[in-house]
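This is protein02.cif (mmCIF, C-alpha atoms and all ligand atoms).
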data_final
loop_
_atom_site.label_atom_id
_atom_site.label_comp_id
_atom_site.auth_asym_id
_atom_site.auth_seq_id
_atom_site.Cartn_x
_atom_site.Cartn_y
_atom_site.Cartn_z
CA MET A 1 -7.43 21.38 20.59
CA THR A 2 -9.42 22.28 17.50
CA THR A 3 -8.51 20.46 14.32
CA LYS A 4 -8.41 22.64 11.23
CA ILE A 5 -8.75 21.32 7.69
CA GLU A 6 -7.03 23.59 5.20
CA ARG A 7 -6.52 23.33 1.46
CA ILE A 8 -2.85 23.36 0.52
CA CYS A 9 -1.72 26.95 -0.16
CA PRO A 10 1.25 29.11 0.89
CA GLN A 11 -0.42 30.06 4.20
CA SER A 12 -1.39 26.54 5.25
CA LEU A 13 2.07 25.25 4.27
CA ALA A 14 3.72 27.94 6.40
CA GLU A 15 1.42 27.02 9.28
CA ALA A 16 2.24 23.32 8.85
CA LYS A 17 5.97 24.08 8.83
CA GLU A 18 5.65 26.02 12.08
CA ILE A 19 3.81 23.12 13.75
CA ILE A 20 6.49 20.67 12.60
CA LYS A 21 9.27 23.00 13.83
CA GLN A 22 7.59 23.10 17.26
CA GLY A 23 7.59 19.28 17.40
CA GLY A 24 3.92 18.84 16.49
CA VAL A 25 2.20 16.58 13.96
CA VAL A 26 0.31 17.49 10.80
CA ALA A 27 -1.80 15.26 8.57
CA MET A 28 -0.80 15.38 4.91
CA PRO A 29 -2.19 13.93 1.70
CA THR A 30 -0.23 11.52 -0.47
CA GLU A 31 -1.21 9.71 -3.69
CA THR A 32 -1.90 6.51 -1.65
CA VAL A 33 -3.49 7.46 1.69
CA TYR A 34 -3.21 10.39 4.12
CA GLY A 35 -0.29 10.34 6.56
CA LEU A 36 0.22 11.66 10.10
CA GLY A 37 3.53 13.52 9.77
CA GLY A 38 6.24 14.66 12.16
CA ASN A 39 9.95 15.54 12.14
CA ALA A 40 11.98 12.32 11.74
CA PHE A 41 14.87 13.80 13.76
CA ASP A 42 12.71 14.77 16.74
CA ASP A 43 12.26 11.95 19.31
CA ASN A 44 9.27 13.60 20.93
CA ALA A 45 7.48 14.23 17.65
CA VAL A 46 7.98 10.59 16.66
CA LYS A 47 6.76 9.36 20.05
CA LYS A 48 3.74 11.62 19.74
CA ILE A 49 2.78 9.96 16.44
CA PHE A 50 2.86 6.50 18.04
CA GLU A 51 0.78 7.82 20.95
CA ILE A 52 -1.89 9.60 18.91
CA LYS A 53 -2.39 6.57 16.66
CA GLY A 54 -2.18 4.02 19.46
CA ARG A 55 0.41 2.26 17.33
CA PRO A 56 2.38 -0.72 18.70
CA SER A 57 5.88 0.50 19.54
CA ASN A 58 7.60 -2.17 17.44
CA ASN A 59 6.03 -1.16 14.13
CA PRO A 60 8.48 1.16 12.30
CA LEU A 61 7.59 4.32 10.39
CA ILE A 62 8.31 5.48 6.84
CA ALA A 63 10.33 8.68 6.29
CA HIS A 64 8.95 10.86 3.48
CA VAL A 65 11.23 13.22 1.55
CA HIS A 66 10.90 15.54 -1.43
CA LEU A 67 12.28 14.68 -4.84
CA ASP A 68 15.51 16.71 -4.47
CA TYR A 69 16.31 15.61 -0.91
CA ASP A 70 19.88 14.29 -0.53
CA LEU A 71 19.28 10.65 0.46
CA SER A 72 22.88 10.24 1.66
CA LYS A 73 21.85 12.30 4.71
CA ILE A 74 19.62 9.48 5.97
CA ILE A 75 20.83 6.20 4.46
CA ASP A 76 24.12 4.33 4.97
CA TYR A 77 24.30 2.48 1.69
CA ASP A 78 22.60 2.78 -1.68
CA PRO A 79 22.31 -0.74 -3.16
CA PRO A 80 23.33 -0.97 -6.85
CA TYR A 81 19.86 -1.62 -8.25
CA ALA A 82 18.17 1.09 -6.15
CA GLN A 83 18.90 3.84 -8.67
CA LYS A 84 17.03 1.89 -11.37
CA LEU A 85 14.03 1.52 -9.08
CA ARG A 86 14.01 5.22 -8.26
CA GLU A 87 14.24 6.16 -11.93
CA ALA A 88 11.42 3.82 -12.87
CA PHE A 89 8.95 4.45 -10.05
CA LEU A 90 9.74 7.57 -8.03
CA PRO A 91 8.19 9.83 -7.10
CA GLY A 92 5.36 7.36 -6.55
CA PRO A 93 3.78 4.69 -4.37
CA LEU A 94 6.96 2.69 -3.66
CA THR A 95 8.78 2.73 -0.30
CA LEU A 96 12.39 1.51 -0.29
CA VAL A 97 13.92 0.02 2.87
CA TYR A 98 17.63 0.99 2.96
CA PRO A 99 20.45 0.06 5.34
CA SER A 100 20.54 2.96 7.81
CA LYS A 101 21.53 3.28 11.45
CA ASN A 102 21.37 6.27 13.81
CA ARG A 103 20.48 8.73 11.05
CA VAL A 104 17.07 9.76 12.33
CA SER A 105 15.35 9.37 15.71
CA PRO A 106 15.87 5.80 17.04
CA PHE A 107 12.09 5.57 17.56
CA VAL A 108 11.44 5.69 13.79
CA SER A 109 12.74 2.21 12.93
CA CYS A 110 12.12 0.65 16.34
CA GLY A 111 15.65 -0.71 16.69
CA LEU A 112 16.00 -2.09 13.14
CA ASP A 113 19.17 -1.09 11.26
CA THR A 114 17.15 -0.02 8.24
CA LEU A 115 15.08 3.00 7.25
CA ALA A 116 12.02 2.97 5.00
CA VAL A 117 12.09 5.99 2.67
CA ARG A 118 9.26 7.18 0.43
CA ILE A 119 9.13 9.95 -2.17
CA PRO A 120 5.42 10.56 -2.76
CA SER A 121 4.20 11.91 -6.10
CA HIS A 122 1.22 13.89 -4.74
CA ALA A 123 1.89 17.55 -5.57
CA GLY A 124 0.62 18.70 -2.16
CA ALA A 125 2.88 16.21 -0.36
CA GLN A 126 5.86 17.39 -2.41
CA ALA A 127 5.04 21.03 -1.62
CA PHE A 128 4.84 20.29 2.11
CA LEU A 129 8.08 18.23 2.10
CA LYS A 130 9.90 20.99 0.17
CA GLU A 131 8.59 23.60 2.59
CA VAL A 132 9.94 21.77 5.65
CA ASP A 133 13.00 20.30 3.86
CA ILE A 134 13.46 17.52 6.42
CA PRO A 135 12.36 13.89 6.39
CA ILE A 136 8.80 13.58 7.69
CA VAL A 137 7.83 10.28 9.24
CA ALA A 138 4.23 9.51 8.48
CA PRO A 139 2.19 6.40 9.13
CA SER A 140 -1.27 6.25 7.62
CA ALA A 141 -3.43 8.82 9.43
CA ASN A 142 -5.89 6.43 11.07
CA ILE A 143 -6.27 5.16 14.61
CA SER A 144 -4.18 1.98 14.75
CA LYS A 145 -5.97 -1.00 13.13
CA HIS A 146 -8.78 1.16 11.72
CA VAL A 147 -9.27 1.61 7.97
CA SER A 148 -6.65 3.88 6.34
CA PRO A 149 -7.84 7.36 5.29
CA THR A 150 -8.22 8.45 1.68
CA SER A 151 -9.73 11.89 2.37
CA ALA A 152 -9.23 14.76 4.82
CA LYS A 153 -12.65 13.91 6.29
CA HIS A 154 -11.52 10.36 7.11
CA VAL A 155 -8.54 11.82 9.01
CA PHE A 156 -10.83 14.26 10.82
CA ASP A 157 -13.18 11.43 11.82
CA ASP A 158 -10.28 9.61 13.54
CA PHE A 159 -8.32 12.54 14.99
CA ASN A 160 -10.69 15.44 15.59
CA GLY A 161 -9.36 17.30 18.64
CA LYS A 162 -6.08 15.36 18.65
CA ILE A 163 -4.06 17.15 15.95
CA PRO A 164 -3.96 20.84 15.02
CA LEU A 165 -4.01 20.69 11.22
CA ILE A 166 -5.02 18.49 8.31
CA LEU A 167 -3.63 19.59 4.95
CA ASP A 168 -6.40 18.83 2.49
CA GLY A 169 -5.15 17.61 -0.87
CA GLY A 170 -8.41 16.05 -2.06
CA GLU A 171 -9.20 12.36 -2.45
CA CYS A 172 -6.22 10.03 -2.75
CA GLU A 173 -6.04 8.55 -6.23
CA GLY A 174 -4.12 5.39 -5.36
CA GLY A 175 -6.20 4.28 -2.42
CA ILE A 176 -3.99 1.58 -0.88
CA GLU A 177 -0.66 2.17 0.86
CA SER A 178 2.67 2.11 -0.97
CA THR A 179 4.48 -1.09 -1.86
CA VAL A 180 7.18 -1.59 0.81
CA LEU A 181 10.31 -3.07 -0.77
CA ASP A 182 13.33 -4.24 1.22
CA ILE A 183 16.42 -3.48 -0.87
CA THR A 184 19.05 -4.53 1.69
CA GLY A 185 19.62 -7.92 0.03
CA GLU A 186 20.82 -9.00 -3.41
CA ILE A 187 17.25 -9.40 -4.62
CA PRO A 188 14.53 -6.92 -3.64
CA LEU A 189 11.88 -8.31 -1.35
CA ILE A 190 8.28 -7.06 -1.18
CA LEU A 191 7.26 -6.66 2.47
CA ARG A 192 3.87 -5.11 1.69
CA PRO A 193 2.18 -5.39 -1.73
CA GLY A 194 0.83 -2.23 -3.34
CA LEU A 195 0.31 -0.41 -6.62
CA ILE A 196 3.89 -1.02 -7.77
CA THR A 197 3.67 -4.75 -8.36
CA ARG A 198 6.19 -7.58 -8.30
CA GLU A 199 5.86 -7.91 -12.09
CA MET A 200 6.70 -4.22 -12.55
CA ILE A 201 9.78 -4.51 -10.30
CA VAL A 202 11.00 -7.67 -12.05
CA LYS A 203 10.84 -5.81 -15.37
CA VAL A 204 13.22 -3.15 -14.04
CA VAL A 205 15.71 -5.12 -11.94
CA GLY A 206 15.29 -8.69 -13.21
CA ALA A 207 14.16 -10.30 -9.96
CA CYS A 208 11.92 -9.67 -6.96
CA GLU A 209 10.60 -11.86 -4.20
CA GLU A 210 7.60 -11.59 -1.95
CA TYR A 211 8.03 -11.89 1.79
CA ILE A 212 5.73 -14.38 3.47
CA PRO A 213 5.83 -13.89 7.22
CA ASP A 214 6.20 -16.95 9.38
CA LEU A 215 3.68 -16.22 12.08
CA GLU A 216 5.08 -19.04 14.24
CA LYS A 217 8.50 -17.42 14.56
CA ASP A 218 7.55 -13.79 14.69
CA GLU A 219 10.68 -12.66 16.53
CA LYS A 220 12.49 -12.52 13.20
CA VAL A 221 9.70 -10.90 11.26
CA LYS A 222 11.16 -8.41 8.83
CA SER A 223 8.27 -5.99 8.69
CA PRO A 224 6.31 -6.01 11.93
CA GLY A 225 3.38 -4.19 10.32
CA VAL A 226 2.45 -7.25 8.30
CA LEU A 227 1.52 -9.14 11.46
CA TYR A 228 -1.22 -6.96 12.76
CA GLN A 229 -4.88 -7.23 12.12
CA HIS A 230 -5.50 -4.06 10.19
CA TYR A 231 -7.88 -1.98 8.12
CA THR A 232 -10.86 -3.15 10.15
CA PRO A 233 -14.18 -1.33 9.80
CA ARG A 234 -16.18 -0.78 12.99
CA CYS A 235 -18.87 -3.24 12.06
CA GLN A 236 -18.75 -7.00 11.72
CA ALA A 237 -17.01 -7.84 8.45
CA PHE A 238 -16.84 -11.20 6.73
CA ARG A 239 -15.66 -12.27 3.33
CA PHE A 240 -16.33 -14.99 0.79
CA ALA A 241 -14.01 -16.21 -1.98
CA SER A 242 -15.03 -15.10 -5.48
CA GLU A 243 -16.53 -18.47 -6.41
CA ARG A 244 -18.80 -18.54 -3.32
CA VAL A 245 -21.42 -16.01 -4.41
CA LYS A 246 -24.20 -18.49 -3.59
CA ASP A 247 -22.88 -19.07 -0.07
CA ALA A 248 -22.62 -15.30 0.41
CA LYS A 249 -26.27 -14.90 -0.63
CA ASN A 250 -27.42 -17.64 1.74
CA HIS A 251 -25.48 -16.11 4.57
CA ILE A 252 -26.93 -12.67 3.84
CA ASN A 253 -30.47 -14.06 3.81
CA GLN A 254 -29.94 -15.78 7.16
CA GLU A 255 -28.68 -12.54 8.68
CA LEU A 256 -31.49 -10.46 7.15
CA GLU A 257 -33.98 -12.82 8.78
CA LYS A 258 -32.44 -11.86 12.11
CA ASN A 259 -33.21 -8.23 11.20
CA LYS A 260 -29.57 -7.29 10.85
CA LYS A 261 -28.59 -4.31 8.75
CA VAL A 262 -26.40 -5.88 6.08
CA ALA A 263 -24.24 -4.40 3.32
CA VAL A 264 -22.37 -6.27 0.61
CA LEU A 265 -19.12 -5.18 -1.00
CA CYS A 266 -18.37 -6.65 -4.41
CA GLU A 267 -16.95 -5.88 -7.83
CA ARG A 268 -19.25 -4.12 -10.29
CA GLU A 269 -20.21 -7.15 -12.35
CA LEU A 270 -21.75 -8.75 -9.23
CA VAL A 271 -23.75 -5.72 -8.12
CA LYS A 272 -26.90 -6.84 -9.95
CA GLU A 273 -26.71 -10.25 -8.18
CA PHE A 274 -27.25 -8.58 -4.82
CA GLU A 275 -29.48 -5.63 -5.63
CA ASN A 276 -33.10 -5.49 -4.43
CA ASN A 277 -32.43 -8.00 -1.71
CA GLY A 278 -32.76 -5.80 1.33
CA VAL A 279 -29.03 -5.17 1.45
CA ALA A 280 -27.04 -2.05 0.65
CA VAL A 281 -24.65 -2.82 -2.20
CA LEU A 282 -21.22 -1.17 -2.15
CA ASP A 283 -19.77 -1.20 -5.65
CA LEU A 284 -15.99 -1.75 -5.56
CA GLY A 285 -15.62 -0.94 -9.27
CA ASN A 286 -14.39 -2.65 -12.40
CA THR A 287 -10.64 -2.33 -12.79
CA PRO A 288 -7.95 -3.18 -10.22
CA ALA A 289 -6.93 0.49 -10.01
CA GLU A 290 -10.53 1.52 -9.40
CA MET A 291 -10.98 -1.15 -6.72
CA ALA A 292 -7.79 0.01 -4.97
CA ALA A 293 -8.97 3.61 -5.03
CA ARG A 294 -12.45 2.81 -3.69
CA LEU A 295 -11.79 0.09 -1.10
CA TYR A 296 -11.08 2.14 2.03
CA GLY A 297 -13.79 4.72 1.43
CA LEU A 298 -16.33 1.90 1.09
CA LEU A 299 -15.10 0.10 4.23
CA ARG A 300 -15.61 3.37 6.12
CA GLU A 301 -19.03 3.84 4.53
CA ALA A 302 -19.97 0.31 5.61
CA GLU A 303 -19.39 1.11 9.26
CA ASP A 304 -21.83 4.01 8.97
CA ILE A 305 -24.62 2.15 7.19
CA CYS A 306 -24.62 -1.45 8.43
CA GLU A 307 -23.99 -3.81 11.32
CA LEU A 308 -22.61 -6.54 9.10
CA LEU A 309 -20.51 -6.23 5.96
CA ILE A 310 -20.23 -9.17 3.59
CA ALA A 311 -17.39 -8.81 1.09
CA VAL A 312 -17.12 -11.01 -1.98
CA GLU A 313 -13.56 -11.18 -3.27
CA PRO A 314 -13.06 -10.02 -6.87
CA LYS A 315 -12.14 -12.68 -9.43
CA GLU A 316 -8.89 -11.08 -10.52
CA GLN A 317 -6.22 -11.85 -7.90
CA ASN A 318 -2.90 -10.86 -9.52
CA GLY A 319 -0.92 -7.68 -10.15
CA VAL A 320 -2.44 -4.68 -8.38
CA MET A 321 -5.15 -6.99 -7.00
CA THR A 322 -2.52 -8.72 -4.82
CA GLY A 323 -2.37 -5.52 -2.78
CA VAL A 324 -6.13 -4.93 -2.81
CA LEU A 325 -6.84 -8.51 -1.64
CA ASN A 326 -4.15 -8.27 1.04
CA ARG A 327 -6.08 -5.34 2.55
CA LEU A 328 -9.55 -6.82 2.02
CA ARG A 329 -8.53 -10.11 3.65
CA ARG A 330 -7.13 -8.38 6.68
CA ALA A 331 -10.22 -6.19 7.03
CA CYS A 332 -12.77 -8.99 6.76
CA GLN A 333 -12.72 -12.43 8.35
CA GLU A 334 -13.25 -15.53 6.28
CA VAL A 335 -16.54 -17.32 6.86
CA GLU A 336 -16.64 -21.04 7.17
CA ILE A 337 -20.09 -22.23 6.21
CA LYS A 338 -21.17 -25.73 7.06
CA GLN A 339 -22.49 -27.42 3.94
CA ASN A 340 -25.92 -29.00 4.43
O1 LIG B 1 1.50 4.77 1.33
C1 LIG B 1 2.06 4.72 2.41
O2 LIG B 1 3.10 4.05 2.60
C2 LIG B 1 1.45 5.52 3.58
C3 LIG B 1 1.55 7.01 3.22
C4 LIG B 1 1.11 7.89 4.35
O3 LIG B 1 2.84 7.32 2.81
N1 LIG B 1 2.12 5.23 4.81
C5 LIG B 1 1.95 4.07 5.46
O4 LIG B 1 2.60 3.99 6.69
O5 LIG B 1 1.27 3.16 5.05
P1 LIG B 1 2.27 2.87 7.76
O6 LIG B 1 3.05 3.28 8.94
O7 LIG B 1 0.81 2.76 7.92
O8 LIG B 1 2.90 1.57 7.19
C6 LIG B 1 4.30 1.42 7.11
C7 LIG B 1 4.67 -0.01 6.80
C8 LIG B 1 4.43 -0.91 7.99
O9 LIG B 1 3.97 -2.17 7.51
C9 LIG B 1 5.82 -1.03 8.61
O10 LIG B 1 6.01 -2.23 9.32
C10 LIG B 1 6.71 -0.97 7.35
O11 LIG B 1 6.07 -0.04 6.51
N2 LIG B 1 8.06 -0.45 7.67
C11 LIG B 1 8.42 0.79 8.04
N3 LIG B 1 9.74 0.88 8.26
C12 LIG B 1 10.25 -0.34 8.02
C13 LIG B 1 11.57 -0.89 8.07
N4 LIG B 1 12.61 -0.17 8.43
N5 LIG B 1 11.72 -2.19 7.74
C14 LIG B 1 10.64 -2.94 7.38
N6 LIG B 1 9.38 -2.48 7.31
C15 LIG B 1 9.18 -1.20 7.62
MG MG B 2 -1.07 1.96 8.29
#
Could you spell out this file's structure in structure tokens?
Amino acid sequence: MTTKIERICPQSLAEAKEIIKQGGVVAMPTETVYGLGGNAFDDNAVKKIFEIKGRPSNNPLIAHVHLDYDLSKIIDYDPPYAQKLREAFLPGPLTLVYPSKNRVSPFVSCGLDTLAVRIPSHAGAQAFLKEVDIPIVAPSANISKHVSPTSAKHVFDDFNGKIPLILDGGECEGGIESTVLDITGEIPLILRPGLITREMIVKVVGACEEYIPDLEKDEKVKSPGVLYQHYTPRCQAFRFASERVKDAKNHINQELEKNKKVAVLCERELVKEFENNGVAVLDLGNTPAEMAARLYGLLREAEDICELLIAVEPKEQNGVMTGVLNRLRRACQEVEIKQN
């Protein structure tokens, strides 16, 4: 199969619709990352998505719909505070997990009696979802556990020959996946942090909690996706806490002496600390939004240019950075250095 990359236009949208109607999958842009989309009502299309990605079969998918889609077709109950959340944040990078059973293919939610629904704000995503006018399930368009894609080229690099069409909507502005918010309880619960932060949700509905998975008792884990190692570049990747710049430098020097190709990933104000040291410096940026937008592209660049990536965590750890650090920590292992 040849994989075409096409800018979003009436012809490519018509082509995408035809592929979806035939039970195929199409990659689409969103404001967060690219998704690998298929018809949520079609068992075979949903199974195909799991297969192509190599995704564990107990990790549920998000259904994407356009702004005017009638949600009552796919959810069982609309919790009282959900309307406020939709008004405040949608369309946008917030996925709401509703009570829902037997509304779409049973493979979508992997046996859970909930459905994650997302209304993306990306104009190209909206155009595609309007064109097909059905819920499109779409996980991030990367091979399972690899770094999520923020450009059509990233999708192509992972799925060339495996899917017929990538709708190209440019670089994703958000850069990390949507906040996943369980709204089945009295208080909303963040299952995956993202650009819509806990503080922002509290402002709208008064309360919001963050789910901390208990890895010991994983049979009751609410959001299976949070368990997996994820976002990993195809090179060795280690990280140091923000206050351990010196340790990071020592570690880099030791590795350079072994003739390893090393790159360092850090926030802009640290770039000068690492420059001219024999390492490639990947500049994460200054603001939390910038760091979110640049993270995945840089992790993918790292795998092309080095054998070892050393990431230094940014100082800011709250708000949007909660989501950025969540991804960075799962992409890079912590290094324990013995103090001499
Ligand atoms: O920004 C995004 O959300 C991107 C774009 C393409 O929309 N999509 C995305 O999908 O990140 P994926 O499949 O890579 O991540 C979906 C996350 C997983 O952590 C999964 O466990 C969780 O959402 N999830 C999906 N359905 C769920 C459900 N019914 N209950 C709890 N968690 C759910
Ligand atoms: Mg993903």
Atom CA of Gly185 of chain A to atom CA of Thr95 of chain A measures 15.2 Å
Residue with smallest distance to ligand MG 2 (chain B) - pool A:Asn286, A:Ser148, A:Asn250, A:Thr179, counting all atoms listed in the file: A:Ser148
Within 9 Å of segment 125-135 of chain A using only C-alpha atoms, minus same-chain residues under 2 positions, as a JSON list (two decimals) with C-alpha atoms, in the coordinates of the input:
[["chain", "number", "residue", "atom", "x", "y", "z"],
["A", 8, "ILE", "CA", -2.85, 23.36, 0.52],
["A", 13, "LEU", "CA", 2.07, 25.25, 4.27],
["A", 14, "ALA", "CA", 3.72, 27.94, 6.40],
["A", 16, "ALA", "CA", 2.24, 23.32, 8.85],
["A", 17, "LYS", "CA", 5.97, 24.08, 8.83],
["A", 18, "GLU", "CA", 5.65, 26.02, 12.08],
["A", 20, "ILE", "CA", 6.49, 20.67, 12.60],
["A", 21, "LYS", "CA", 9.27, 23.00, 13.83],
["A", 28, "MET", "CA", -0.80, 15.38, 4.91],
["A", 29, "PRO", "CA", -2.19, 13.93, 1.70],
["A", 30, "THR", "CA", -0.23, 11.52, -0.47],
["A", 31, "GLU", "CA", -1.21, 9.71, -3.69],
["A", 38, "GLY", "CA", 6.24, 14.66, 12.16],
["A", 39, "ASN", "CA", 9.95, 15.54, 12.14],
["A", 40, "ALA", "CA", 11.98, 12.32, 11.74],
["A", 41, "PHE", "CA", 14.87, 13.80, 13.76],
["A", 63, "ALA", "CA", 10.33, 8.68, 6.29],
["A", 64, "HIS", "CA", 8.95, 10.86, 3.48],
["A", 65, "VAL", "CA", 11.23, 13.22, 1.55],
["A", 66, "HIS", "CA", 10.90, 15.54, -1.43],
["A", 67, "LEU", "CA", 12.28, 14.68, -4.84],
["A", 68, "ASP", "CA", 15.51, 16.71, -4.47],
["A", 69, "TYR", "CA", 16.31, 15.61, -0.91],
["A", 74, "ILE", "CA", 19.62, 9.48, 5.97],
["A", 104, "VAL", "CA", 17.07, 9.76, 12.33],
["A", 117, "VAL", "CA", 12.09, 5.99, 2.67],
["A", 119, "ILE", "CA", 9.13, 9.95, -2.17],
["A", 120, "PRO", "CA", 5.42, 10.56, -2.76],
["A", 121, "SER", "CA", 4.20, 11.91, -6.10],
["A", 122, "HIS", "CA", 1.22, 13.89, -4.74],
["A", 123, "ALA", "CA", 1.89, 17.55, -5.57],
["A", 137, "VAL", "CA", 7.83, 10.28, 9.24],
["A", 167, "LEU", "CA", -3.63, 19.59, 4.95],
["A", 169, "GLY", "CA", -5.15, 17.61, -0.87]]
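When all atoms listed in the file are used to compute distances to Ala289 of chain A, the closest of the residues A:Ser100, A:Glu257, A:Thr197, A:Gly174 turns out to be A:Gly174.
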If you count only C-alpha atoms and all ligand atoms, which residues end up within 8 Å of ligand LIG 1 (chain B), as a ChimeraX atom specification? /A:28-36,59-62,64,93-95,97-98,108-110,112-118,120,138-141,148,176-180,182,191-192,222-226
Given the selection you just returned, output its residues as a file containing C-alpha atoms, formatted as a short mmCIF file (atom, residue, chain, number, x, y, z; two decimals), keeping the file's coordinate frame.
data_model
loop_
_atom_site.label_atom_id
_atom_site.label_comp_id
_atom_site.auth_asym_id
_atom_site.auth_seq_id
_atom_site.Cartn_x
_atom_site.Cartn_y
_atom_site.Cartn_z
CA MET A 28 -0.80 15.38 4.91
CA PRO A 29 -2.19 13.93 1.70
CA THR A 30 -0.23 11.52 -0.47
CA GLU A 31 -1.21 9.71 -3.69
CA THR A 32 -1.90 6.51 -1.65
CA VAL A 33 -3.49 7.46 1.69
CA TYR A 34 -3.21 10.39 4.12
CA GLY A 35 -0.29 10.34 6.56
CA LEU A 36 0.22 11.66 10.10
CA ASN A 59 6.03 -1.16 14.13
CA PRO A 60 8.48 1.16 12.30
CA LEU A 61 7.59 4.32 10.39
CA ILE A 62 8.31 5.48 6.84
CA HIS A 64 8.95 10.86 3.48
CA PRO A 93 3.78 4.69 -4.37
CA LEU A 94 6.96 2.69 -3.66
CA THR A 95 8.78 2.73 -0.30
CA VAL A 97 13.92 0.02 2.87
CA TYR A 98 17.63 0.99 2.96
CA VAL A 108 11.44 5.69 13.79
CA SER A 109 12.74 2.21 12.93
CA CYS A 110 12.12 0.65 16.34
CA LEU A 112 16.00 -2.09 13.14
CA ASP A 113 19.17 -1.09 11.26
CA THR A 114 17.15 -0.02 8.24
CA LEU A 115 15.08 3.00 7.25
CA ALA A 116 12.02 2.97 5.00
CA VAL A 117 12.09 5.99 2.67
CA ARG A 118 9.26 7.18 0.43
CA PRO A 120 5.42 10.56 -2.76
CA ALA A 138 4.23 9.51 8.48
CA PRO A 139 2.19 6.40 9.13
CA SER A 140 -1.27 6.25 7.62
CA ALA A 141 -3.43 8.82 9.43
CA SER A 148 -6.65 3.88 6.34
CA ILE A 176 -3.99 1.58 -0.88
CA GLU A 177 -0.66 2.17 0.86
CA SER A 178 2.67 2.11 -0.97
CA THR A 179 4.48 -1.09 -1.86
CA VAL A 180 7.18 -1.59 0.81
CA ASP A 182 13.33 -4.24 1.22
CA LEU A 191 7.26 -6.66 2.47
CA ARG A 192 3.87 -5.11 1.69
CA LYS A 222 11.16 -8.41 8.83
CA SER A 223 8.27 -5.99 8.69
CA PRO A 224 6.31 -6.01 11.93
CA GLY A 225 3.38 -4.19 10.32
CA VAL A 226 2.45 -7.25 8.30
#
